[in-house]
$ cat my_file.txt   # compact mmCIF, C-alpha atoms
# COMPACT_ATOMS: atom_id res chain seq x y z
CA MET A 1 -41.43 98.30 -20.61
CA GLN A 2 -38.12 99.76 -21.63
CA ILE A 3 -34.83 98.21 -20.55
CA ASP A 4 -32.15 100.59 -19.35
CA TRP A 5 -29.23 99.01 -21.26
CA GLN A 6 -26.92 101.78 -20.18
CA HIS A 7 -27.14 100.86 -16.49
CA PHE A 8 -27.91 97.13 -16.76
CA THR A 9 -24.88 95.18 -15.50
CA PRO A 10 -25.74 91.50 -16.05
CA ARG A 11 -22.28 90.08 -15.47
CA SER A 12 -21.23 91.92 -12.31
CA SER A 13 -24.72 91.63 -10.82
CA LEU A 14 -24.81 87.90 -11.43
CA ALA A 15 -21.28 87.55 -10.00
CA GLY A 16 -22.26 89.58 -6.93
CA GLY A 17 -25.38 87.45 -6.54
CA LEU A 18 -23.31 84.25 -6.62
CA LEU A 19 -21.11 85.68 -3.83
CA ILE A 20 -24.17 86.53 -1.73
CA GLY A 21 -25.49 83.01 -2.27
CA LEU A 22 -22.12 81.60 -1.25
CA ALA A 23 -22.21 83.72 1.92
CA ALA A 24 -25.64 82.32 2.78
CA ALA A 25 -24.45 78.76 1.99
CA VAL A 26 -21.41 79.11 4.27
CA LEU A 27 -23.45 80.47 7.16
CA ILE A 28 -26.17 77.81 7.02
CA LEU A 29 -23.87 74.82 6.43
CA PHE A 30 -21.10 75.72 8.89
CA ASN A 31 -22.97 77.75 11.53
CA GLY A 32 -26.54 76.58 11.02
CA ARG A 33 -27.82 80.13 10.78
CA ILE A 34 -29.79 82.13 8.23
CA ALA A 35 -27.92 84.99 6.53
CA GLY A 36 -30.71 87.53 6.94
CA ILE A 37 -29.33 90.96 7.70
CA SER A 38 -32.41 92.27 9.53
CA GLY A 39 -32.66 89.14 11.69
CA ILE A 40 -28.95 89.22 12.53
CA VAL A 41 -29.11 92.88 13.59
CA GLY A 42 -32.51 92.48 15.28
CA GLY A 43 -31.21 89.59 17.39
CA LEU A 44 -28.63 91.94 18.90
CA LEU A 45 -31.36 94.34 20.00
CA SER A 46 -33.16 91.62 22.00
CA PRO A 47 -30.02 89.67 22.99
CA ARG A 48 -30.08 86.10 24.24
CA LYS A 49 -27.12 84.59 26.07
CA GLY A 50 -24.49 82.99 23.81
CA ASP A 51 -26.29 84.15 20.69
CA SER A 52 -24.49 87.43 20.00
CA GLY A 53 -20.94 86.43 19.01
CA TRP A 54 -21.71 85.07 15.55
CA ARG A 55 -23.96 88.06 14.84
CA ILE A 56 -21.23 90.56 15.75
CA ALA A 57 -18.64 88.61 13.71
CA PHE A 58 -20.91 88.52 10.64
CA LEU A 59 -21.73 92.23 10.90
CA ALA A 60 -18.05 93.11 11.41
CA GLY A 61 -17.30 91.30 8.14
CA LEU A 62 -20.13 93.09 6.36
CA LEU A 63 -19.10 96.50 7.70
CA ILE A 64 -15.39 96.28 6.89
CA THR A 65 -15.87 95.02 3.32
CA PRO A 66 -15.74 98.50 1.76
CA LEU A 67 -12.46 99.21 3.58
CA LEU A 68 -10.89 96.01 2.21
CA TYR A 69 -12.38 96.54 -1.25
CA GLN A 70 -10.85 100.00 -1.36
CA LEU A 71 -7.35 98.55 -1.02
CA ARG A 72 -7.61 97.15 -4.54
CA HIS A 73 -10.38 99.02 -6.34
CA ALA A 74 -12.25 102.28 -6.21
CA LEU A 75 -15.63 101.79 -4.53
CA PRO A 76 -18.58 102.02 -6.93
CA GLU A 77 -20.44 105.28 -6.67
CA VAL A 78 -23.28 105.56 -4.20
CA ASP A 79 -26.03 107.78 -5.45
CA ILE A 80 -28.68 108.64 -2.87
CA GLU A 81 -31.40 110.90 -4.20
CA ALA A 82 -33.60 111.02 -1.11
CA GLY A 83 -33.28 113.99 1.23
CA THR A 84 -32.93 113.79 5.01
CA PRO A 85 -36.65 113.71 5.97
CA ALA A 86 -37.33 111.01 3.36
CA LEU A 87 -34.33 108.99 4.59
CA VAL A 88 -35.55 109.17 8.19
CA ILE A 89 -39.08 108.08 7.28
CA ALA A 90 -37.77 105.34 4.97
CA GLY A 91 -35.32 104.12 7.63
CA LEU A 92 -38.04 103.88 10.29
CA LEU A 93 -40.39 102.05 7.89
CA VAL A 94 -37.65 99.62 6.87
CA GLY A 95 -36.54 99.01 10.48
CA LEU A 96 -40.06 98.35 11.77
CA GLY A 97 -41.20 96.56 8.61
CA VAL A 98 -38.39 94.03 8.42
CA ARG A 99 -38.81 93.10 12.09
CA TYR A 100 -42.60 92.68 11.92
CA GLY A 101 -42.21 90.90 8.59
CA ALA A 102 -39.37 88.82 10.11
CA GLY A 103 -36.98 89.35 7.22
CA CYS A 104 -35.75 91.51 4.39
CA THR A 105 -34.31 91.06 0.92
CA SER A 106 -31.66 88.66 2.24
CA GLY A 107 -33.60 86.62 4.81
CA HIS A 108 -36.80 86.25 2.79
CA GLY A 109 -35.67 87.16 -0.74
CA VAL A 110 -32.53 85.02 -0.88
CA CYS A 111 -32.56 82.47 1.96
CA GLY A 112 -36.34 82.02 2.23
CA LEU A 113 -36.91 81.60 -1.49
CA SER A 114 -33.96 79.18 -1.62
CA ARG A 115 -35.71 77.09 1.05
CA LEU A 116 -38.99 77.31 -0.91
CA SER A 117 -40.65 78.82 2.17
CA PRO A 118 -44.25 79.94 1.50
CA ARG A 119 -43.92 82.66 4.17
CA SER A 120 -40.87 84.09 2.42
CA LEU A 121 -42.60 83.96 -0.96
CA VAL A 122 -45.52 85.97 0.45
CA ALA A 123 -43.15 88.43 2.16
CA THR A 124 -41.05 88.87 -1.00
CA MET A 125 -44.14 89.49 -3.13
CA CYS A 126 -45.37 92.04 -0.58
CA PHE A 127 -42.16 94.07 -0.33
CA MET A 128 -41.53 93.90 -4.07
CA ALA A 129 -45.09 95.04 -4.85
CA ALA A 130 -44.87 97.84 -2.28
CA GLY A 131 -41.46 98.88 -3.67
CA PHE A 132 -42.69 98.93 -7.29
CA LEU A 133 -45.81 100.87 -6.34
CA THR A 134 -43.94 103.40 -4.19
CA VAL A 135 -41.41 104.18 -6.91
CA TYR A 136 -44.22 104.41 -9.47
CA VAL A 137 -46.15 106.92 -7.37
CA LEU A 138 -43.06 108.96 -6.45
CA ARG A 139 -41.64 109.10 -9.97
CA HIS A 140 -44.65 109.00 -12.26
CA GLY A 141 -47.69 109.53 -10.06
CA LEU A 142 -47.76 113.31 -10.39
CA ALA A 143 -47.60 113.05 -14.17
CA TRP A 144 -51.34 112.25 -14.20
CA THR A 145 -52.34 115.82 -13.35
CA MET B 146 -13.34 80.44 17.43
CA MET B 147 -13.88 78.64 14.11
CA LYS B 148 -17.56 79.53 14.32
CA LEU B 149 -16.80 83.22 14.70
CA LEU B 150 -14.26 83.16 11.87
CA CYS B 151 -16.73 81.39 9.63
CA SER B 152 -19.41 83.92 10.43
CA LEU B 153 -16.97 86.77 9.77
CA PHE B 154 -16.02 85.18 6.45
CA SER B 155 -19.69 84.88 5.49
CA GLY B 156 -20.20 88.58 6.32
CA LEU B 157 -17.21 89.50 4.16
CA LEU B 158 -18.52 87.46 1.22
CA PHE B 159 -21.96 88.98 1.66
CA GLY B 160 -20.58 92.55 1.70
CA LEU B 161 -18.35 91.88 -1.28
CA GLY B 162 -21.34 90.48 -3.16
CA LEU B 163 -23.37 93.60 -2.43
CA ILE B 164 -20.59 95.89 -3.67
CA VAL B 165 -19.73 93.83 -6.78
CA SER B 166 -23.39 93.45 -7.75
CA GLY B 167 -23.95 97.21 -7.62
CA MET B 168 -26.65 96.85 -4.96
CA SER B 169 -24.82 99.11 -2.51
CA ASN B 170 -25.97 101.96 -4.75
CA PRO B 171 -29.61 102.94 -4.00
CA ALA B 172 -29.95 104.55 -7.45
CA LYS B 173 -29.41 101.11 -9.00
CA VAL B 174 -32.00 99.51 -6.72
CA LEU B 175 -34.51 102.23 -7.59
CA GLY B 176 -33.69 101.62 -11.27
CA PHE B 177 -34.98 98.08 -10.72
CA LEU B 178 -38.08 99.20 -8.82
CA ASP B 179 -38.98 101.72 -11.53
CA LEU B 180 -40.86 99.41 -13.89
CA ALA B 181 -42.50 102.29 -15.74
CA GLY B 182 -39.26 104.17 -16.40
CA ALA B 183 -36.01 102.94 -17.95
CA TRP B 184 -35.88 99.56 -16.18
CA ASP B 185 -32.59 98.13 -14.88
CA PRO B 186 -33.13 94.35 -14.35
CA SER B 187 -29.79 93.91 -12.48
CA LEU B 188 -31.38 93.20 -9.07
CA ALA B 189 -33.25 90.22 -10.49
CA LEU B 190 -29.93 88.70 -11.55
CA VAL B 191 -28.45 89.32 -8.09
CA MET B 192 -31.33 87.45 -6.46
CA GLY B 193 -31.29 84.73 -9.11
CA GLY B 194 -27.53 84.21 -8.78
CA ALA B 195 -27.76 84.10 -4.99
CA ILE B 196 -30.62 81.60 -5.04
CA ILE B 197 -28.85 79.27 -7.49
CA VAL B 198 -25.96 78.91 -5.03
CA ALA B 199 -27.96 78.98 -1.79
CA MET B 200 -30.66 76.50 -2.84
CA PRO B 201 -28.50 73.33 -2.77
CA ALA B 202 -27.00 74.47 0.55
CA PHE B 203 -30.44 74.83 2.15
CA TRP B 204 -31.49 71.52 0.62
CA LEU B 205 -28.52 69.89 2.37
CA SER B 206 -29.17 71.77 5.60
CA ARG B 207 -32.66 70.26 5.87
CA ARG B 208 -31.11 66.80 5.88
CA ARG B 209 -28.76 67.55 8.76
CA GLN B 210 -29.43 67.84 12.49
CA ARG B 211 -26.32 69.88 13.12
CA ALA B 212 -24.19 72.34 11.20
CA ILE B 213 -20.66 71.31 10.18
CA LEU B 214 -19.13 73.20 13.14
CA GLY B 215 -21.47 71.45 15.57
CA ASP B 216 -24.23 73.96 16.35
CA ALA B 217 -27.87 73.00 15.94
CA MET B 218 -29.35 73.79 12.53
CA GLN B 219 -31.61 76.76 13.18
CA LEU B 220 -34.06 76.84 10.31
CA PRO B 221 -37.21 78.96 10.75
CA THR B 222 -40.18 76.94 12.03
CA ASN B 223 -42.91 79.60 11.87
CA ARG B 224 -45.29 78.74 9.01
CA LYS B 225 -48.04 81.25 9.72
CA LEU B 226 -49.09 83.57 6.93
CA ASP B 227 -50.35 86.31 9.20
CA ARG B 228 -51.00 90.03 9.29
CA ARG B 229 -47.62 90.80 10.85
CA LEU B 230 -45.81 89.17 7.92
CA VAL B 231 -47.87 90.94 5.27
CA LEU B 232 -48.11 94.40 6.84
CA GLY B 233 -44.47 94.34 7.95
CA SER B 234 -43.28 93.38 4.48
CA LEU B 235 -45.48 96.04 2.86
CA ALA B 236 -44.06 98.71 5.21
CA PHE B 237 -40.54 97.52 4.40
CA GLY B 238 -41.28 97.75 0.67
CA LEU B 239 -42.64 101.27 1.10
CA GLY B 240 -39.46 102.42 2.86
CA TRP B 241 -37.31 100.53 0.34
CA GLY B 242 -39.04 102.35 -2.53
CA ILE B 243 -38.58 105.76 -0.88
CA ALA B 244 -34.83 105.52 -0.25
CA GLY B 245 -33.59 102.58 -2.36
CA PHE B 246 -31.92 101.12 0.74
CA CYS B 247 -32.61 97.77 2.36
CA PRO B 248 -30.70 96.72 5.51
CA GLY B 249 -27.64 95.06 3.91
CA PRO B 250 -26.67 97.83 1.49
CA ALA B 251 -27.30 100.49 4.16
CA LEU B 252 -24.82 98.80 6.52
CA VAL B 253 -22.26 98.21 3.77
CA SER B 254 -22.33 101.90 2.87
CA LEU B 255 -21.54 103.06 6.43
CA LEU B 256 -17.74 102.72 6.28
CA ALA B 257 -17.74 104.12 2.75
CA TRP B 258 -18.57 107.25 4.79
CA GLN B 259 -21.81 108.13 3.11
CA THR B 260 -23.53 110.68 5.37
CA LYS B 261 -26.94 109.80 3.97
CA ALA B 262 -26.36 106.12 4.65
CA TRP B 263 -25.68 107.01 8.30
CA ILE B 264 -28.95 108.95 8.49
CA PHE B 265 -30.89 106.04 6.97
CA ALA B 266 -29.14 103.38 9.09
CA THR B 267 -29.70 105.34 12.31
CA ALA B 268 -33.43 105.63 11.57
CA MET B 269 -33.53 101.95 10.60
CA LEU B 270 -31.91 100.89 13.88
CA ALA B 271 -34.34 103.15 15.75
CA GLY B 272 -37.22 101.36 13.99
CA MET B 273 -35.78 97.97 14.95
CA ALA B 274 -35.24 99.11 18.56
CA LEU B 275 -38.84 100.37 18.65
CA PHE B 276 -39.99 96.91 17.52
CA ALA B 277 -37.89 95.25 20.25
CA TRP B 278 -39.38 97.58 22.87
CA LEU B 279 -42.97 97.04 21.67
CA GLU B 280 -42.44 93.27 21.69
CA ARG B 281 -41.08 93.34 25.25
CA ARG B 282 -44.11 95.35 26.36
CA ARG B 283 -46.44 92.95 24.57
CA ALA B 284 -44.78 89.99 26.32
CA MET B 285 -45.13 91.73 29.72
CA ASP B 286 -48.81 92.53 29.09
CA LYS B 287 -49.45 88.90 28.21
CA GLN B 288 -47.66 87.75 31.35
CA SER B 289 -49.51 90.11 33.65
CA SER B 290 -52.89 89.25 32.15
CA ALA B 291 -52.07 85.56 32.56
CA THR B 292 -51.21 85.92 36.26
CA SER B 293 -54.05 88.29 37.24
$ encode --input "my_file.txt" --output "structure tokens"
Amino acid sequence: MQIDWQHFTPRSSLAGGLLIGLAAAVLILFNGRIAGISGIVGGLLSPRKGDSGWRIAFLAGLLITPLLYQLRHALPEVDIEAGTPALVIAGLLVGLGVRYGAGCTSGHGVCGLSRLSPRSLVATMCFMAAGFLTVYVLRHGLAWT
Amino acid sequence: MMKLLCSLFSGLLFGLGLIVSGMSNPAKVLGFLDLAGAWDPSLALVMGGAIIVAMPAFWLSRRRQRAILGDAMQLPTNRKLDRRLVLGSLAFGLGWGIAGFCPGPALVSLLAWQTKAWIFATAMLAGMALFAWLERRRAMDKQSSATS
């Protein structure tokens, strides 16, 4: 294994992680809810009475962050290699997968692991393994032939 | 009102964390998932940092009946390790590896006006809506088979 020192950003990534953890801490302690993006969005698609306000408020905050960030700093570059068909397939898989799996990187990976939930540990191992394998096949798989 | 403001604040912190950590960039996420190439361990530090802060908060939350603003503590109660959990998470990982986007970063990139993020997010919402529709149908089938 070779570490990509050129792109590795230990300090800013750790700082960003602390902020994400703080966001999850605020939401569970003050609102009693899990900061899982897929669950928050998914709950709006099968709405229950009185359960939508906090979801919309959270998502509004998430969505407007780049606009606020831009007032002070240039946004970091966003580099998306995948073409349109790949993005559509990936989007459908992610949308269906996170709902059947009841969580994504935030709900299982951050909140679930923080709660020491066995379900979240299994889910995180599954999506990490599938992610590693997919990137391996797409980037190096054809090199066998 | 306080509850909504608090939720908004949490969303802002979450989005800021995604941008600062570099995770709003799919190329960086794929750099983490590419173990066999030049590996960028950044994502592991993002998760580690988030867990260090969130863990004491969840520890406290388990000892409370109600959240500070008065709502019931809604911690997940499902403990089943079933096929839905495993297959769903595998499908999510497959899509994540193809595009480098998971739900949070995709949403954060929308108002940075990334066309490709819009394409991904639209497909993702369609996938979630499909799940909601399939679940409603499943519930209706169960109901009708119970009454007949």
$ atom_distance --input "my_file.txt" --atom1 "CA of Gly242 (chain B)" --atom2 "CA of Leu44 (chain A)"
26.0 Å
$ closest_residue --input "my_file.txt" --among "A:Ile80, A:Leu113, A:Leu68, A:Met125" --to "Ala195 (chain B)" --atoms "all atoms listed in the file"
A:Leu113
$ atom_distance --input "my_file.txt" --atom1 "CA of Tyr136 (chain A)" --atom2 "CA of Leu226 (chain B)"
27.0 Å
$ residues_around --input "my_file.txt" --residues "region 204-214 of chain B" --least-positions-apart "6" --cutoff "6 Å" --atoms "all atoms listed in the file" --output "ChimeraX atom specification"
/A:29-32
$ write_last_selection --input "my_file.txt" --atoms "C-alpha atoms" --output "PDB file, in the frame of the given file"
ATOM      1  CA  LEU A  29     -23.870  74.820   6.430  1.00  0.00           C
ATOM      2  CA  PHE A  30     -21.100  75.720   8.890  1.00  0.00           C
ATOM      3  CA  ASN A  31     -22.970  77.750  11.530  1.00  0.00           C
ATOM      4  CA  GLY A  32     -26.540  76.580  11.020  1.00  0.00           C
TER       5      GLY A  32
END
$ residues_around --input "my_file.txt" --residues "Ala257 (chain B)" --least-positions-apart "4" --cutoff "12 Å" --atoms "all atoms listed in the file" --output "PyMOL selection string"
(chain A and resi 62-70+74-78) or (chain B and resi 160+164+169-170+250-253+261-263)
$ atom_distance --input "my_file.txt" --atom1 "CA of Phe127 (chain A)" --atom2 "CA of Asp79 (chain A)"
21.8 Å
$ residues_around --input "my_file.txt" --residues "Val88 (chain A)" --least-positions-apart "6" --cutoff "7 Å" --atoms "only C-alpha atoms" --output "list in words"
Ile264, Phe265 and Ala268 of chain B
$ closest_atom_pairs --input "my_file.txt" --of "chain A" --to "chain B" --cutoff "6 Å" --atoms "only C-alpha atoms" --output "Markdown table"
| residue | atom | partner | partner_atom | distance |
| --- | --- | --- | --- | --- |
| A:Gln2 | CA | B:Ala183 | CA | 5.3 |
| A:Ile3 | CA | B:Trp184 | CA | 4.7 |
| A:Asp4 | CA | B:Ala183 | CA | 4.7 |
| A:Phe8 | CA | B:Asp185 | CA | 5.1 |
| A:Thr9 | CA | B:Ser187 | CA | 5.9 |
| A:Pro10 | CA | B:Ser187 | CA | 5.9 |
| A:Ser12 | CA | B:Ser166 | CA | 5.3 |
| A:Ser13 | CA | B:Ser166 | CA | 3.8 |
| A:Leu14 | CA | B:Val191 | CA | 5.1 |
| A:Gly16 | CA | B:Gly162 | CA | 4.0 |
| A:Gly17 | CA | B:Val191 | CA | 3.9 |
| A:Leu18 | CA | B:Gly194 | CA | 4.7 |
| A:Leu19 | CA | B:Gly162 | CA | 4.9 |
| A:Ile20 | CA | B:Phe159 | CA | 4.7 |
| A:Gly21 | CA | B:Ala195 | CA | 3.7 |
| A:Ala23 | CA | B:Ser155 | CA | 4.5 |
| A:Ala25 | CA | B:Ala199 | CA | 5.2 |
| A:Leu29 | CA | B:Ala212 | CA | 5.4 |
| A:Phe30 | CA | B:Ile213 | CA | 4.6 |
| A:Asn31 | CA | B:Ala212 | CA | 5.6 |
| A:Gly32 | CA | B:Met218 | CA | 4.2 |
| A:Arg33 | CA | B:Gln219 | CA | 5.6 |
| A:Ile37 | CA | B:Gly249 | CA | 5.8 |
| A:Trp54 | CA | B:Leu149 | CA | 5.3 |
| A:Ala57 | CA | B:Leu153 | CA | 4.7 |
| A:Phe58 | CA | B:Gly156 | CA | 4.4 |
| A:Gly61 | CA | B:Leu157 | CA | 4.4 |
| A:Leu62 | CA | B:Gly156 | CA | 4.5 |
| A:Leu63 | CA | B:Val253 | CA | 5.3 |
| A:Thr65 | CA | B:Gly160 | CA | 5.6 |
| A:Val78 | CA | B:Asn170 | CA | 4.5 |
| A:Asp79 | CA | B:Ala172 | CA | 5.5 |
| A:Ile80 | CA | B:Pro171 | CA | 5.9 |
| A:Ala82 | CA | B:Ala244 | CA | 5.7 |
| A:Leu87 | CA | B:Phe265 | CA | 5.1 |
| A:Val88 | CA | B:Ala268 | CA | 5.3 |
| A:Ala90 | CA | B:Gly240 | CA | 4.0 |
| A:Gly91 | CA | B:Met269 | CA | 4.1 |
| A:Leu92 | CA | B:Gly272 | CA | 4.6 |
| A:Leu93 | CA | B:Gly240 | CA | 5.1 |
| A:Val94 | CA | B:Phe237 | CA | 4.3 |
| A:Gly95 | CA | B:Met269 | CA | 4.2 |
| A:Leu96 | CA | B:Gly272 | CA | 4.7 |
| A:Gly97 | CA | B:Gly233 | CA | 4.0 |
| A:Val98 | CA | B:Phe237 | CA | 5.7 |
| A:Tyr100 | CA | B:Gly233 | CA | 4.7 |
| A:Gly101 | CA | B:Leu230 | CA | 4.0 |
| A:Val110 | CA | B:Ile196 | CA | 5.7 |
| A:Ser114 | CA | B:Met200 | CA | 4.4 |
| A:Arg115 | CA | B:Phe203 | CA | 5.8 |
| A:Arg119 | CA | B:Leu226 | CA | 5.9 |
| A:Ala123 | CA | B:Ser234 | CA | 5.5 |
| A:Cys126 | CA | B:Leu235 | CA | 5.3 |
| A:Phe127 | CA | B:Gly238 | CA | 3.9 |
| A:Ala130 | CA | B:Gly238 | CA | 4.6 |
| A:Gly131 | CA | B:Gly242 | CA | 4.4 |
| A:Phe132 | CA | B:Leu178 | CA | 4.9 |
| A:Thr134 | CA | B:Gly242 | CA | 5.3 |
| A:Val135 | CA | B:Gly242 | CA | 5.3 |
$ write_last_selection --input "my_file.txt" --atoms "C-alpha atoms" --output "mmCIF file, keeping the file's coordinate frame"
data_model
loop_
_atom_site.group_PDB
_atom_site.id
_atom_site.type_symbol
_atom_site.label_atom_id
_atom_site.label_comp_id
_atom_site.auth_asym_id
_atom_site.auth_seq_id
_atom_site.Cartn_x
_atom_site.Cartn_y
_atom_site.Cartn_z
ATOM 1 C CA GLN A 2 -38.120 99.760 -21.630
ATOM 2 C CA ILE A 3 -34.830 98.210 -20.550
ATOM 3 C CA ASP A 4 -32.150 100.590 -19.350
ATOM 4 C CA PHE A 8 -27.910 97.130 -16.760
ATOM 5 C CA THR A 9 -24.880 95.180 -15.500
ATOM 6 C CA PRO A 10 -25.740 91.500 -16.050
ATOM 7 C CA SER A 12 -21.230 91.920 -12.310
ATOM 8 C CA SER A 13 -24.720 91.630 -10.820
ATOM 9 C CA LEU A 14 -24.810 87.900 -11.430
ATOM 10 C CA GLY A 16 -22.260 89.580 -6.930
ATOM 11 C CA GLY A 17 -25.380 87.450 -6.540
ATOM 12 C CA LEU A 18 -23.310 84.250 -6.620
ATOM 13 C CA LEU A 19 -21.110 85.680 -3.830
ATOM 14 C CA ILE A 20 -24.170 86.530 -1.730
ATOM 15 C CA GLY A 21 -25.490 83.010 -2.270
ATOM 16 C CA ALA A 23 -22.210 83.720 1.920
ATOM 17 C CA ALA A 25 -24.450 78.760 1.990
ATOM 18 C CA LEU A 29 -23.870 74.820 6.430
ATOM 19 C CA PHE A 30 -21.100 75.720 8.890
ATOM 20 C CA ASN A 31 -22.970 77.750 11.530
ATOM 21 C CA GLY A 32 -26.540 76.580 11.020
ATOM 22 C CA ARG A 33 -27.820 80.130 10.780
ATOM 23 C CA ILE A 37 -29.330 90.960 7.700
ATOM 24 C CA TRP A 54 -21.710 85.070 15.550
ATOM 25 C CA ALA A 57 -18.640 88.610 13.710
ATOM 26 C CA PHE A 58 -20.910 88.520 10.640
ATOM 27 C CA GLY A 61 -17.300 91.300 8.140
ATOM 28 C CA LEU A 62 -20.130 93.090 6.360
ATOM 29 C CA LEU A 63 -19.100 96.500 7.700
ATOM 30 C CA THR A 65 -15.870 95.020 3.320
ATOM 31 C CA VAL A 78 -23.280 105.560 -4.200
ATOM 32 C CA ASP A 79 -26.030 107.780 -5.450
ATOM 33 C CA ILE A 80 -28.680 108.640 -2.870
ATOM 34 C CA ALA A 82 -33.600 111.020 -1.110
ATOM 35 C CA LEU A 87 -34.330 108.990 4.590
ATOM 36 C CA VAL A 88 -35.550 109.170 8.190
ATOM 37 C CA ALA A 90 -37.770 105.340 4.970
ATOM 38 C CA GLY A 91 -35.320 104.120 7.630
ATOM 39 C CA LEU A 92 -38.040 103.880 10.290
ATOM 40 C CA LEU A 93 -40.390 102.050 7.890
ATOM 41 C CA VAL A 94 -37.650 99.620 6.870
ATOM 42 C CA GLY A 95 -36.540 99.010 10.480
ATOM 43 C CA LEU A 96 -40.060 98.350 11.770
ATOM 44 C CA GLY A 97 -41.200 96.560 8.610
ATOM 45 C CA VAL A 98 -38.390 94.030 8.420
ATOM 46 C CA TYR A 100 -42.600 92.680 11.920
ATOM 47 C CA GLY A 101 -42.210 90.900 8.590
ATOM 48 C CA VAL A 110 -32.530 85.020 -0.880
ATOM 49 C CA SER A 114 -33.960 79.180 -1.620
ATOM 50 C CA ARG A 115 -35.710 77.090 1.050
ATOM 51 C CA ARG A 119 -43.920 82.660 4.170
ATOM 52 C CA ALA A 123 -43.150 88.430 2.160
ATOM 53 C CA CYS A 126 -45.370 92.040 -0.580
ATOM 54 C CA PHE A 127 -42.160 94.070 -0.330
ATOM 55 C CA ALA A 130 -44.870 97.840 -2.280
ATOM 56 C CA GLY A 131 -41.460 98.880 -3.670
ATOM 57 C CA PHE A 132 -42.690 98.930 -7.290
ATOM 58 C CA THR A 134 -43.940 103.400 -4.190
ATOM 59 C CA VAL A 135 -41.410 104.180 -6.910
#
$ decode --input "my_file.txt" --residues "region 253-266 of chain B" --atoms "C-alpha atoms" --output "CSV table (one decimal), in the first residue's frame"
chain,number,residue,atom,x,y,z
B,253,VAL,CA,-23.8,19.8,-0.2
B,254,SER,CA,-22.6,20.1,-3.7
B,255,LEU,CA,-26.0,21.1,-5.1
B,256,LEU,CA,-25.8,24.9,-4.4
B,257,ALA,CA,-22.2,24.9,-5.4
B,258,TRP,CA,-23.9,24.4,-8.8
B,259,GLN,CA,-22.2,21.3,-9.9
B,260,THR,CA,-24.3,19.9,-12.8
B,261,LYS,CA,-23.1,16.4,-12.1
B,262,ALA,CA,-24.1,16.6,-8.5
B,263,TRP,CA,-27.6,17.5,-9.6
B,264,ILE,CA,-27.7,14.4,-11.9
B,265,PHE,CA,-26.5,12.1,-9.1
B,266,ALA,CA,-28.8,13.7,-6.5
